[in-house]
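Chemist: File follows, run-v3.txt with compact mmCIF, C-alpha atoms:
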# COMPACT_ATOMS: atom_id res chain seq x y z
CA MET S 1 -13.39 41.91 -1.41
CA LEU S 2 -13.73 39.85 1.76
CA PRO S 3 -16.61 37.42 2.30
CA THR S 4 -19.11 38.50 4.91
CA ASN S 5 -20.57 35.25 6.28
CA TRP S 6 -18.62 32.68 8.28
CA HIS S 7 -19.22 29.87 5.78
CA ALA S 8 -17.55 31.82 3.02
CA LEU S 9 -14.76 32.93 5.35
CA LEU S 10 -14.07 29.36 6.47
CA SER S 11 -14.20 28.16 2.88
CA LEU S 12 -11.70 30.81 1.81
CA SER S 13 -9.31 30.14 4.69
CA LEU S 14 -9.47 26.38 4.02
CA TRP S 15 -8.61 27.10 0.41
CA ILE S 16 -5.71 29.46 1.18
CA SER S 17 -4.09 27.80 4.23
CA PRO S 18 -3.02 24.44 2.70
CA HIS S 19 -1.49 26.26 -0.26
CA ALA S 20 0.38 28.65 2.01
CA LEU S 21 1.65 25.58 3.88
CA LEU S 22 2.63 24.01 0.56
CA GLY S 23 4.99 26.96 0.15
CA VAL S 24 6.50 26.06 3.55
CA LEU S 25 6.72 22.43 2.41
CA ALA S 26 8.58 23.47 -0.75
CA ILE S 27 11.10 25.36 1.41
CA VAL S 28 11.52 22.33 3.72
CA LEU S 29 12.05 20.07 0.69
CA TYR S 30 14.63 22.45 -0.73
CA ARG S 31 16.50 23.32 2.48
CA ARG S 32 16.79 19.67 3.56
CA ARG S 33 17.69 18.62 0.03
CA ILE S 34 14.89 16.06 0.08
CA TYR S 35 13.87 17.26 -3.39
CA ARG S 36 16.83 15.32 -4.81
CA GLY S 37 15.25 12.04 -3.76
CA PHE S 38 11.72 13.14 -4.66
CA PRO S 39 11.95 15.47 -7.68
CA VAL S 40 8.44 14.70 -8.93
CA PHE S 41 6.91 15.37 -5.51
CA PHE S 42 8.84 18.64 -5.36
CA ALA S 43 7.50 19.55 -8.81
CA TYR S 44 3.99 18.60 -7.64
CA VAL S 45 4.25 20.87 -4.58
CA LEU S 46 5.49 23.80 -6.69
CA TYR S 47 2.84 23.15 -9.31
CA GLU S 48 0.01 23.04 -6.74
CA THR S 49 1.18 26.36 -5.30
CA ALA S 50 1.38 27.97 -8.75
CA GLU S 51 -2.01 26.51 -9.68
CA PHE S 52 -3.55 28.03 -6.56
CA LEU S 53 -2.06 31.45 -7.33
CA LEU S 54 -3.45 31.32 -10.87
CA LEU S 55 -6.94 30.22 -9.81
CA PHE S 56 -7.04 32.67 -6.92
CA ALA S 57 -6.07 35.49 -9.27
CA LEU S 58 -8.72 34.43 -11.80
CA ARG S 59 -11.36 34.35 -9.10
CA SER S 60 -10.36 37.70 -7.67
CA VAL S 61 -10.21 39.60 -10.98
CA PRO S 62 -13.72 40.94 -11.65
CA GLY S 63 -13.57 40.75 -15.44
CA VAL S 64 -12.91 37.00 -15.58
CA SER S 65 -16.00 34.97 -16.43
CA ALA S 66 -17.02 31.75 -14.70
CA LYS S 67 -16.43 29.90 -17.96
CA VAL S 68 -12.79 31.02 -18.16
CA TYR S 69 -12.30 30.01 -14.53
CA LEU S 70 -13.83 26.62 -15.24
CA TYR S 71 -11.53 26.01 -18.21
CA ALA S 72 -8.49 27.00 -16.17
CA TYR S 73 -9.62 24.82 -13.26
CA SER S 74 -10.18 21.81 -15.54
CA ALA S 75 -6.84 22.14 -17.33
CA THR S 76 -4.85 22.54 -14.10
CA LEU S 77 -6.71 19.66 -12.45
CA LEU S 78 -5.77 17.28 -15.26
CA LEU S 79 -2.09 18.16 -14.95
CA SER S 80 -2.33 17.77 -11.19
CA ILE S 81 -3.76 14.25 -11.65
CA ALA S 82 -0.89 13.38 -14.01
CA LEU S 83 1.68 14.64 -11.50
CA ARG S 84 0.12 12.56 -8.73
CA PHE S 85 0.69 9.46 -10.85
CA GLY S 86 4.31 10.55 -11.15
CA VAL S 87 4.57 10.90 -7.36
CA ILE S 88 3.16 7.38 -6.88
CA GLU S 89 5.72 6.01 -9.34
CA GLU S 90 8.44 7.86 -7.44
CA VAL S 91 7.51 6.50 -4.00
CA SER S 92 7.17 2.98 -5.37
CA LYS S 93 10.69 3.25 -6.83
CA GLN S 94 11.94 4.49 -3.46
CA LEU S 95 10.25 1.61 -1.67
CA PHE S 96 11.69 -1.09 -3.91
CA ARG S 97 15.02 0.60 -4.63
CA GLU S 98 17.10 -1.68 -2.43
CA SER S 99 15.91 -4.95 -3.90
CA GLN S 100 16.59 -5.99 -7.47
CA PHE S 101 14.17 -8.90 -7.10
CA LEU S 102 11.31 -6.68 -5.88
CA ARG S 103 11.98 -4.01 -8.48
CA VAL S 104 11.07 -6.57 -11.12
CA SER S 105 8.35 -8.61 -9.42
CA ALA S 106 6.65 -5.74 -7.59
CA LYS S 107 6.62 -3.57 -10.70
CA ARG S 108 4.92 -6.37 -12.60
CA SER S 109 2.32 -6.79 -9.85
CA LEU S 110 1.70 -3.04 -9.64
CA LEU S 111 1.22 -2.87 -13.41
CA CYS S 112 -1.38 -5.64 -13.18
CA ILE S 113 -3.18 -3.81 -10.36
CA GLN S 114 -3.02 -0.56 -12.32
CA GLY S 115 -4.48 -2.25 -15.40
CA LEU S 116 -7.27 -3.77 -13.36
CA LEU S 117 -8.10 -0.45 -11.69
CA LEU S 118 -8.07 1.32 -15.05
CA VAL S 119 -10.54 -1.17 -16.48
CA MET S 120 -12.75 -0.64 -13.41
CA GLY S 121 -12.52 3.14 -13.89
CA VAL S 122 -13.56 2.85 -17.55
CA VAL S 123 -16.44 0.49 -16.73
CA LEU S 124 -17.57 2.90 -14.04
CA ALA S 125 -17.40 5.85 -16.44
CA VAL S 126 -19.58 3.95 -18.93
CA TYR S 127 -22.14 2.53 -16.52
CA ALA S 128 -22.29 5.35 -13.96
CA PRO S 129 -21.81 8.61 -15.83
CA SER S 130 -22.07 11.96 -14.10
CA SER S 131 -25.52 13.47 -13.60
CA ASN S 132 -24.19 16.95 -14.31
CA SER S 133 -25.84 18.52 -17.35
CA PHE S 134 -22.80 20.62 -18.28
CA ARG S 135 -20.65 18.24 -20.35
CA LEU S 136 -17.23 19.63 -19.41
CA VAL S 137 -17.98 19.46 -15.69
CA ALA S 138 -19.48 15.98 -16.07
CA GLY S 139 -16.38 14.80 -17.94
CA ILE S 140 -13.98 16.30 -15.41
CA VAL S 141 -15.86 14.75 -12.49
CA VAL S 142 -15.86 11.29 -14.11
CA VAL S 143 -12.15 11.48 -15.03
CA SER S 144 -11.25 12.70 -11.53
CA ARG S 145 -13.31 9.93 -9.96
CA GLY S 146 -11.60 7.27 -12.08
CA ALA S 147 -8.14 8.73 -11.41
CA ALA S 148 -8.82 8.91 -7.67
CA MET S 149 -9.86 5.26 -7.72
CA VAL S 150 -6.71 4.13 -9.54
CA GLN S 151 -4.41 6.27 -7.38
CA CYS S 152 -6.06 5.23 -4.13
CA GLY S 153 -5.83 1.57 -5.15
CA LEU S 154 -2.16 1.89 -6.07
CA LEU S 155 -1.21 3.64 -2.83
CA LEU S 156 -3.11 1.11 -0.78
CA SER S 157 -1.38 -1.71 -2.68
CA LEU S 158 2.01 -0.16 -1.90
CA LEU S 159 1.22 0.00 1.80
CA LEU S 160 -0.12 -3.55 1.85
CA PHE S 161 2.87 -4.86 -0.15
CA SER S 162 5.26 -3.30 2.32
CA ARG S 163 3.34 -4.78 5.23
CA PHE S 164 3.18 -8.30 3.79
CA LEU S 165 6.79 -8.35 2.63
CA GLY S 166 8.29 -6.63 5.66
CA LEU S 167 9.60 -3.70 3.61
CA SER S 168 10.99 -0.74 5.54
CA TRP S 169 9.83 2.68 4.47
CA ARG S 170 11.98 5.76 4.56
CA ARG S 171 10.14 8.37 6.60
CA PRO S 172 9.60 10.94 3.78
CA ALA S 173 8.33 8.28 1.34
CA PHE S 174 5.92 6.94 3.95
CA GLY S 175 4.64 10.43 4.77
CA ILE S 176 4.09 11.24 1.09
CA THR S 177 2.27 7.94 0.52
CA LEU S 178 0.08 8.32 3.60
CA GLY S 179 -0.86 11.91 2.80
CA LEU S 180 -1.59 11.19 -0.84
CA GLY S 181 -3.50 8.04 0.13
CA ILE S 182 -5.80 9.96 2.47
CA LEU S 183 -6.25 12.68 -0.14
CA THR S 184 -7.15 10.29 -2.96
CA SER S 185 -9.53 8.19 -0.85
CA VAL S 186 -11.46 11.31 0.21
CA ASP S 187 -11.33 12.55 -3.41
CA LEU S 188 -12.82 9.25 -4.54
CA ALA S 189 -15.78 9.61 -2.17
CA VAL S 190 -16.28 13.30 -2.99
CA TYR S 191 -16.13 12.82 -6.78
CA ALA S 192 -18.43 9.80 -6.54
CA VAL S 193 -21.04 11.94 -4.73
CA ARG S 194 -20.51 14.82 -7.17
CA ALA S 195 -20.99 12.49 -10.13
CA GLY S 196 -23.98 10.72 -8.60
CA PHE S 197 -26.05 13.68 -7.50
CA ALA S 198 -27.26 16.87 -9.08
CA PRO S 199 -24.85 19.82 -8.88
CA GLY S 200 -25.31 21.85 -5.73
CA VAL S 201 -26.31 18.89 -3.52
CA GLY S 202 -24.13 19.23 -0.43
CA ALA S 203 -21.69 21.33 -2.45
CA GLU S 204 -20.62 23.42 0.54
CA PHE S 205 -20.01 20.40 2.75
CA LEU S 206 -18.07 18.65 -0.03
CA ASN S 207 -15.91 21.72 -0.52
CA PHE S 208 -15.15 21.86 3.21
CA LEU S 209 -14.33 18.17 3.20
CA THR S 210 -11.98 18.44 0.21
CA THR S 211 -10.11 21.52 1.39
CA GLY S 212 -10.03 20.33 5.02
CA THR S 213 -8.57 16.98 3.97
CA TYR S 214 -6.02 18.75 1.81
CA LEU S 215 -4.94 20.82 4.82
CA VAL S 216 -4.54 17.66 6.93
CA CYS S 217 -2.50 15.99 4.18
CA VAL S 218 -0.15 18.96 3.77
CA LEU S 219 0.38 18.92 7.56
CA ILE S 220 1.16 15.18 7.38
CA TRP S 221 3.72 15.82 4.62
CA ILE S 222 5.38 18.61 6.59
CA GLY S 223 5.37 16.53 9.78
CA TYR S 224 6.97 13.50 8.14
CA LEU S 225 9.55 15.58 6.25
CA LEU S 226 10.58 17.53 9.34
CA ALA S 227 10.78 14.50 11.63
CA PRO S 228 14.24 12.90 11.79
CA GLU S 229 14.77 9.58 10.04
CA HIS S 230 14.81 6.57 12.39
CA GLN S 231 18.31 5.35 13.01
CA PRO S 232 18.47 1.60 12.44
CA VAL S 233 18.64 0.34 16.00
CA SER S 234 19.39 -3.07 14.64
CA LEU S 235 23.00 -2.24 13.93
CA THR S 236 23.80 -2.90 17.55
CA ALA S 237 21.56 -5.96 17.59
CA VAL S 238 22.74 -7.80 14.48
CA SER S 239 26.38 -8.63 14.10
CA ARG S 240 28.06 -9.40 10.80
CA ASP S 241 28.28 -13.12 11.69
CA GLU S 242 24.58 -13.25 12.33
CA VAL S 243 23.75 -11.61 9.03
CA GLU S 244 26.12 -13.96 7.21
CA THR S 245 24.44 -16.92 8.88
CA TRP S 246 21.03 -15.75 7.73
CA ASN S 247 22.35 -15.13 4.28
CA THR S 248 23.98 -18.53 3.83
CA GLU S 249 20.94 -20.37 5.12
CA LEU S 250 18.51 -18.50 2.92
CA GLN S 251 20.65 -19.04 -0.14
CA HIS S 252 20.40 -22.77 0.63
CA LEU S 253 16.65 -22.54 1.00
CA LEU S 254 16.10 -20.82 -2.30
CA ARG S 255 18.39 -23.07 -4.29
CA ASP S 256 16.14 -26.05 -3.58
CA MET I 1 -39.68 6.24 -17.55
CA GLU I 2 -38.66 2.78 -16.38
CA TYR I 3 -35.32 3.19 -18.11
CA GLY I 4 -34.79 6.48 -16.27
CA VAL I 5 -35.53 4.96 -12.86
CA ALA I 6 -33.21 2.02 -13.56
CA THR I 7 -30.40 4.39 -14.59
CA LEU I 8 -30.93 6.49 -11.47
CA THR I 9 -30.86 3.42 -9.24
CA GLN I 10 -27.73 2.15 -10.99
CA GLY I 11 -26.08 5.54 -10.48
CA LEU I 12 -27.00 5.62 -6.79
CA ILE I 13 -25.68 2.11 -6.22
CA ALA I 14 -22.39 3.02 -7.93
CA THR I 15 -22.11 6.22 -5.88
CA TRP I 16 -22.66 4.62 -2.50
CA THR I 17 -20.48 1.63 -3.40
CA LEU I 18 -17.65 4.02 -4.24
CA VAL I 19 -18.20 5.98 -1.03
CA ALA I 20 -18.03 2.70 0.91
CA VAL I 21 -14.86 1.62 -0.96
CA ALA I 22 -13.25 5.01 -0.29
CA SER I 23 -14.14 4.82 3.42
CA LEU I 24 -12.72 1.31 3.60
CA ALA I 25 -9.53 2.43 1.85
CA LEU I 26 -9.18 5.35 4.25
CA GLY I 27 -9.69 3.06 7.22
CA LEU I 28 -7.09 0.61 5.89
CA LEU I 29 -4.58 3.39 5.24
CA LEU I 30 -4.94 4.72 8.77
CA TYR I 31 -4.79 1.21 10.23
CA VAL I 32 -1.59 0.35 8.35
CA ALA I 33 -0.05 3.70 9.28
CA LEU I 34 -0.91 3.56 12.97
CA ARG I 35 -0.19 -0.14 13.34
CA GLY I 36 3.15 0.25 11.59
CA ARG I 37 4.25 2.90 14.07
CA THR I 38 4.05 0.54 17.01
CA ARG I 39 5.02 -2.72 15.34
CA ARG I 40 8.35 -4.16 16.37
CA VAL I 41 10.23 -7.04 14.83
CA ASP I 42 10.14 -9.69 17.48
CA LEU I 43 12.73 -12.27 16.49
CA GLU I 44 12.30 -14.29 19.65
CA LYS I 45 8.62 -14.66 18.84
CA ALA I 46 9.45 -15.83 15.32
CA ILE I 47 11.82 -18.44 16.76
CA GLN I 48 9.15 -19.61 19.17
CA ALA I 49 6.69 -19.96 16.30
CA PHE I 50 9.14 -22.11 14.39
CA ARG I 51 9.87 -24.24 17.43
CA SER I 52 6.22 -25.14 17.53
CA LEU I 53 6.33 -26.49 13.97
CA ASP I 54 6.57 -30.23 13.45
CA ILE I 55 8.27 -30.52 10.07
CA GLU I 56 7.65 -34.23 9.66
CA GLY I 57 4.01 -33.59 10.44
CA PHE I 58 3.90 -30.92 7.76
CA ARG I 59 5.47 -33.23 5.19
CA ASN I 60 2.85 -35.78 6.00
CA LEU I 61 0.09 -33.20 5.63
CA VAL I 62 1.11 -32.20 2.11
CA ASP I 63 2.25 -35.62 0.90
CA SER I 64 0.41 -36.58 -2.29
CA ASP I 65 0.85 -40.35 -1.70
CA GLU I 66 -0.74 -39.99 1.71
CA GLU I 67 -3.59 -38.05 0.13
CA ALA I 68 -4.08 -40.73 -2.54
CA PHE I 69 -4.22 -43.39 0.21
CA LEU I 70 -6.89 -41.44 2.10
CA ARG I 71 -8.86 -40.84 -1.11
CA ASP I 72 -8.87 -44.59 -1.88
CA ASN I 73 -9.83 -45.71 1.62
CA LEU I 74 -12.34 -43.12 2.80
CA SER I 75 -15.80 -42.20 1.66
CA PRO I 76 -15.83 -38.98 -0.47
CA LYS I 77 -17.54 -37.03 2.32
CA LYS I 78 -15.13 -38.21 5.00
CA PHE I 79 -12.18 -37.62 2.67
CA ARG I 80 -13.21 -33.99 2.08
CA GLU I 81 -13.61 -33.43 5.81
CA ILE I 82 -10.20 -34.92 6.66
CA LYS I 83 -8.51 -33.13 3.78
CA ARG I 84 -9.87 -29.77 4.87
CA GLN I 85 -8.43 -30.31 8.34
CA ARG I 86 -5.05 -31.41 6.96
CA VAL I 87 -4.80 -28.53 4.50
CA TRP I 88 -5.81 -26.01 7.16
CA ALA I 89 -3.06 -27.28 9.43
CA ALA I 90 -0.55 -27.00 6.55
CA PHE I 91 -1.76 -23.45 5.92
CA ILE I 92 -0.94 -22.51 9.51
CA TYR I 93 2.59 -23.86 9.02
CA ALA I 94 3.04 -21.76 5.86
CA ARG I 95 1.66 -18.67 7.57
CA GLU I 96 4.11 -18.97 10.47
CA ALA I 97 7.02 -19.47 8.09
CA GLY I 98 5.92 -16.36 6.22
CA ARG I 99 5.91 -14.34 9.42
CA ALA I 100 9.45 -15.44 10.15
CA ALA I 101 10.50 -14.44 6.61
CA THR I 102 9.01 -10.97 7.19
CA ALA I 103 11.06 -10.60 10.37
CA LEU I 104 14.13 -11.77 8.49
CA ALA I 105 13.52 -9.23 5.70
CA LYS I 106 13.51 -6.46 8.30
CA VAL I 107 16.78 -7.74 9.79
CA GLY I 108 18.31 -7.77 6.30
CA GLN I 109 17.13 -4.26 5.48
CA ALA I 110 18.38 -2.92 8.81
CA ALA I 111 21.77 -4.52 8.16
CA GLN I 112 21.79 -2.92 4.70
CA ARG I 113 22.03 0.49 6.37
CA SER I 114 25.20 -0.46 8.24
CA SER I 115 28.27 1.70 7.71
CA ASP I 116 30.29 -1.53 7.34
CA PRO I 117 30.07 -2.32 3.59
CA GLU I 118 30.37 -6.06 4.17
CA ILE I 119 27.44 -6.11 6.61
CA ALA I 120 25.46 -3.93 4.22
CA ALA I 121 26.18 -6.30 1.30
CA SER I 122 25.22 -9.34 3.36
CA GLY I 123 22.10 -7.55 4.56
CA LEU I 124 21.10 -6.95 0.96
CA GLN I 125 21.41 -10.66 0.18
CA VAL I 126 19.51 -11.64 3.32
CA ALA I 127 16.69 -9.25 2.48
CA GLU I 128 16.51 -10.48 -1.13
CA SER I 129 16.34 -14.09 -0.02
CA ALA I 130 13.76 -13.30 2.64
CA PHE I 131 11.55 -11.49 0.11
CA ARG I 132 11.68 -14.55 -2.15
CA LEU I 133 10.83 -16.83 0.73
CA ARG I 134 7.97 -14.55 1.79
CA LEU I 135 6.49 -14.58 -1.71
CA GLN I 136 6.82 -18.38 -1.81
CA THR I 137 4.93 -18.70 1.46
CA ILE I 138 2.22 -16.31 0.19
CA ALA I 139 1.86 -18.47 -2.95
CA ALA I 140 1.74 -21.61 -0.80
CA CYS I 141 -0.91 -20.07 1.47
CA ILE I 142 -3.10 -19.17 -1.54
CA HIS I 143 -2.65 -22.68 -2.94
CA LEU I 144 -3.58 -24.24 0.41
CA LEU I 145 -6.59 -21.98 0.91
CA THR I 146 -7.86 -23.03 -2.52
CA GLU I 147 -7.65 -26.60 -1.37
CA VAL I 148 -9.55 -25.78 1.82
CA VAL I 149 -12.40 -24.42 -0.31
CA LEU I 150 -12.15 -27.15 -2.96
CA PRO I 151 -10.92 -30.26 -1.13
CA SER I 152 -11.76 -32.54 -4.05
CA LEU I 153 -8.97 -30.99 -6.12
CA GLN I 154 -6.01 -33.27 -6.69
CA SER I 155 -3.30 -31.49 -4.73
CA ARG I 156 0.30 -31.18 -5.78
CA SER I 157 2.97 -32.16 -3.34
CA LEU I 158 4.94 -29.36 -1.69
CA PRO I 159 8.14 -31.11 -0.60
CA PRO I 160 10.52 -28.21 -1.46
CA LEU I 161 8.51 -26.01 0.85
CA ALA I 162 8.80 -28.59 3.60
CA ASP I 163 12.57 -28.61 3.16
CA GLN I 164 12.56 -24.87 3.26
CA TYR I 165 10.68 -24.87 6.55
CA GLU I 166 13.15 -27.28 8.03
CA ARG I 167 16.15 -25.25 7.02
CA THR I 168 14.55 -22.00 8.08
CA ALA I 169 13.79 -23.52 11.45
CA GLU I 170 17.44 -24.53 11.85
CA THR I 171 18.48 -21.04 10.85
CA LEU I 172 16.11 -19.49 13.32
CA PHE I 173 17.37 -21.69 16.15
CA ARG I 174 20.93 -20.70 15.28
CA PHE I 175 19.99 -17.05 15.15
CA GLY I 176 18.19 -17.45 18.45
CA ARG I 177 21.43 -18.61 20.07
CA PHE I 178 23.30 -15.63 18.61
CA SER I 179 20.74 -13.02 19.44
CA SER I 180 19.59 -14.08 22.92
CA GLY I 181 19.13 -11.17 25.26
CA ARG I 182 19.21 -8.62 22.46
CA PRO I 183 16.43 -6.11 22.01
CA GLY I 184 13.80 -6.29 19.26
CA LEU I 185 14.13 -4.20 16.14
CA VAL I 186 12.18 -1.11 15.30
CA SER I 187 10.34 -1.68 12.07
CA ARG I 188 10.64 1.81 10.59
Can the structure from this file be put into structure tokens for me?
Modeler:
Amino acid sequence: MLPTNWHALLSLSLWISPHALLGVLAIVLYRRRIYRGFPVFFAYVLYETAEFLLLFALRSVPGVSAKVYLYAYSATLLLSIALRFGVIEEVSKQLFRESQFLRVSAKRSLLCIQGLLLVMGVVLAVYAPSSNSFRLVAGIVVVSRGAAMVQCGLLLSLLLFSRFLGLSWRRPAFGITLGLGILTSVDLAVYAVRAGFAPGVGAEFLNFLTTGTYLVCVLIWIGYLLAPEHQPVSLTAVSRDEVETWNTELQHLLRD
Amino acid sequence: MEYGVATLTQGLIATWTLVAVASLALGLLLYVALRGRTRRVDLEKAIQAFRSLDIEGFRNLVDSDEEAFLRDNLSPKKFREIKRQRVWAAFIYAREAGRAATALAKVGQAAQRSSDPEIAASGLQVAESAFRLRLQTIAACIHLLTEVVLPSLQSRSLPPLADQYERTAETLFRFGRFSSGRPGLVSR
């Protein structure tokens, strides 16, 4: 049963295309063996594809009620949120993997930021509850909004940390962080509007925005995973003596 | 009725605040991503920045005895004005040292990827030390900015930081001699 108007057709293609591309992404991750470095992200990609197949099947089968679809949507969304937290943890480990000092100090800082963002999410849920009259939908929207806020804050912190400390990103980790960052920031805005206004207000536009952003993010992930890793040009520019000189001097500095 | 209007207003404020925060986050993400693509580690520039630092001048700026002397001999208003200027100047020193540490961290990380295990091991140590130095300069900058806002606060002396600047400057000059004529490093 194909939709007849262009809005519905666009909506359907924006729903299907990113998930089809996620399948391509899973193949890229597997063929290039990138999944070994990013197992949680690989699981997330597979999960999102499977989730789409389930929801698409539920929507297409005529006998399935809207209530069943809603329950399935809510349950899969919660697991998706949990997996995104896992992906953030994974990229942060990748970012700080080469420095023992940063593994300890950055983890502590990120935990503090996470705690702060969680408190903000809870305060927001209490003081700005969803206006949706259906309790399950209202709850899901508020939880998603809080999660998007925490995730967006964490990803932004990672990018700012790396900038301030001069940390070098590996290309796949940067691509994953950028894509997920864009996705969560748009999610935050969309869920905030969904929670703040009556259901149906700008629903079509919000759906386009969500699915369109998802498509862009999947393309970013594929682009960054397919692009070759930068070779460190510096190897020709920094000799062993130079590095040793830096090392000795800095050890002196930090002993004082 | 009034309660309902207040709740609605509160909800609207929260909604639009979150939309603004999300837009800001998106803008920052894109800025960091696009800026990072074109940013290069310019060691020569870092050396130049250090050359412009007057270490004795910095020591003087953060010296607590000097501050006590000024506090005793100037009117409170004049003291706050002078202190703000001194602390701001010290902040600029710390900021420049931090920038050099960032460049150094990138050199260390690049060396870590060398196929020569000794260079890689040294690179690791350089990067670790540079990260520590960078965090110290960030802490110093926050401390100094607090003093700019609250000049009446009794400031602590920062002599170890001054020594660190001096040694880093020497290191940078030495590195400058080694690396002259070499290209800059690609950041990612």
Chemist: List every residue of chain I that has an atom at most 6 Å from any atom of chain S, giving for each one its closest atom pair and the distance in Å to one decimal, counting only C-alpha atoms, sorted by chain and then by ascending residue number, as JSON lines.
Modeler:
{"residue": "I:Gly11", "atom": "CA", "partner": "S:Ala128", "partner_atom": "CA", "distance": 5.1}
{"residue": "I:Thr15", "atom": "CA", "partner": "S:Ala192", "partner_atom": "CA", "distance": 5.2}
{"residue": "I:Val19", "atom": "CA", "partner": "S:Ala189", "partner_atom": "CA", "distance": 4.5}
{"residue": "I:Ala22", "atom": "CA", "partner": "S:Ser185", "partner_atom": "CA", "distance": 4.9}
{"residue": "I:Leu26", "atom": "CA", "partner": "S:Ser185", "partner_atom": "CA", "distance": 5.8}
{"residue": "I:Thr102", "atom": "CA", "partner": "S:Gly166", "partner_atom": "CA", "distance": 4.7}
{"residue": "I:Ala105", "atom": "CA", "partner": "S:Gly166", "partner_atom": "CA", "distance": 5.8}
{"residue": "I:Lys106", "atom": "CA", "partner": "S:Gly166", "partner_atom": "CA", "distance": 5.9}
{"residue": "I:Ala110", "atom": "CA", "partner": "S:Pro232", "partner_atom": "CA", "distance": 5.8}
{"residue": "I:Ile119", "atom": "CA", "partner": "S:Arg240", "partner_atom": "CA", "distance": 5.4}
{"residue": "I:Val126", "atom": "CA", "partner": "S:Asn247", "partner_atom": "CA", "distance": 4.6}
{"residue": "I:Ser129", "atom": "CA", "partner": "S:Leu250", "partner_atom": "CA", "distance": 5.7}
{"residue": "I:Gln164", "atom": "CA", "partner": "S:Leu253", "partner_atom": "CA", "distance": 5.2}
{"residue": "I:Leu185", "atom": "CA", "partner": "S:Ser234", "partner_atom": "CA", "distance": 5.6}
{"residue": "I:Arg188", "atom": "CA", "partner": "S:Ser168", "partner_atom": "CA", "distance": 5.7}
Chemist: List the neighbours of Ile82 (chain I) out to 12 Å using all atoms listed in the file; skip same-chain residues closer than 2 positions along the sequence, and give me the result as a list in words.
Modeler: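 Listed by chain and then number, they are Leu61, Glu66, Glu67, Leu70, Arg71, Asn73, Leu74, Ser75, Pro76, Lys77, Lys78, Phe79, Arg80, Arg84, Gln85, Arg86, Val87, Trp88, Ala89, Glu147, Val148, Pro151 and Ser152 of chain I.
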Chemist: Do a neighbour search on Ala90 (chain I) at 9 Å with all atoms listed in the file, toss out local chain neighbours closer than 4 positions, and write the hits as a VMD selection string.
Modeler: chain I and resid 57 to 59 61 to 62 85 to 86 94 to 95 141 144
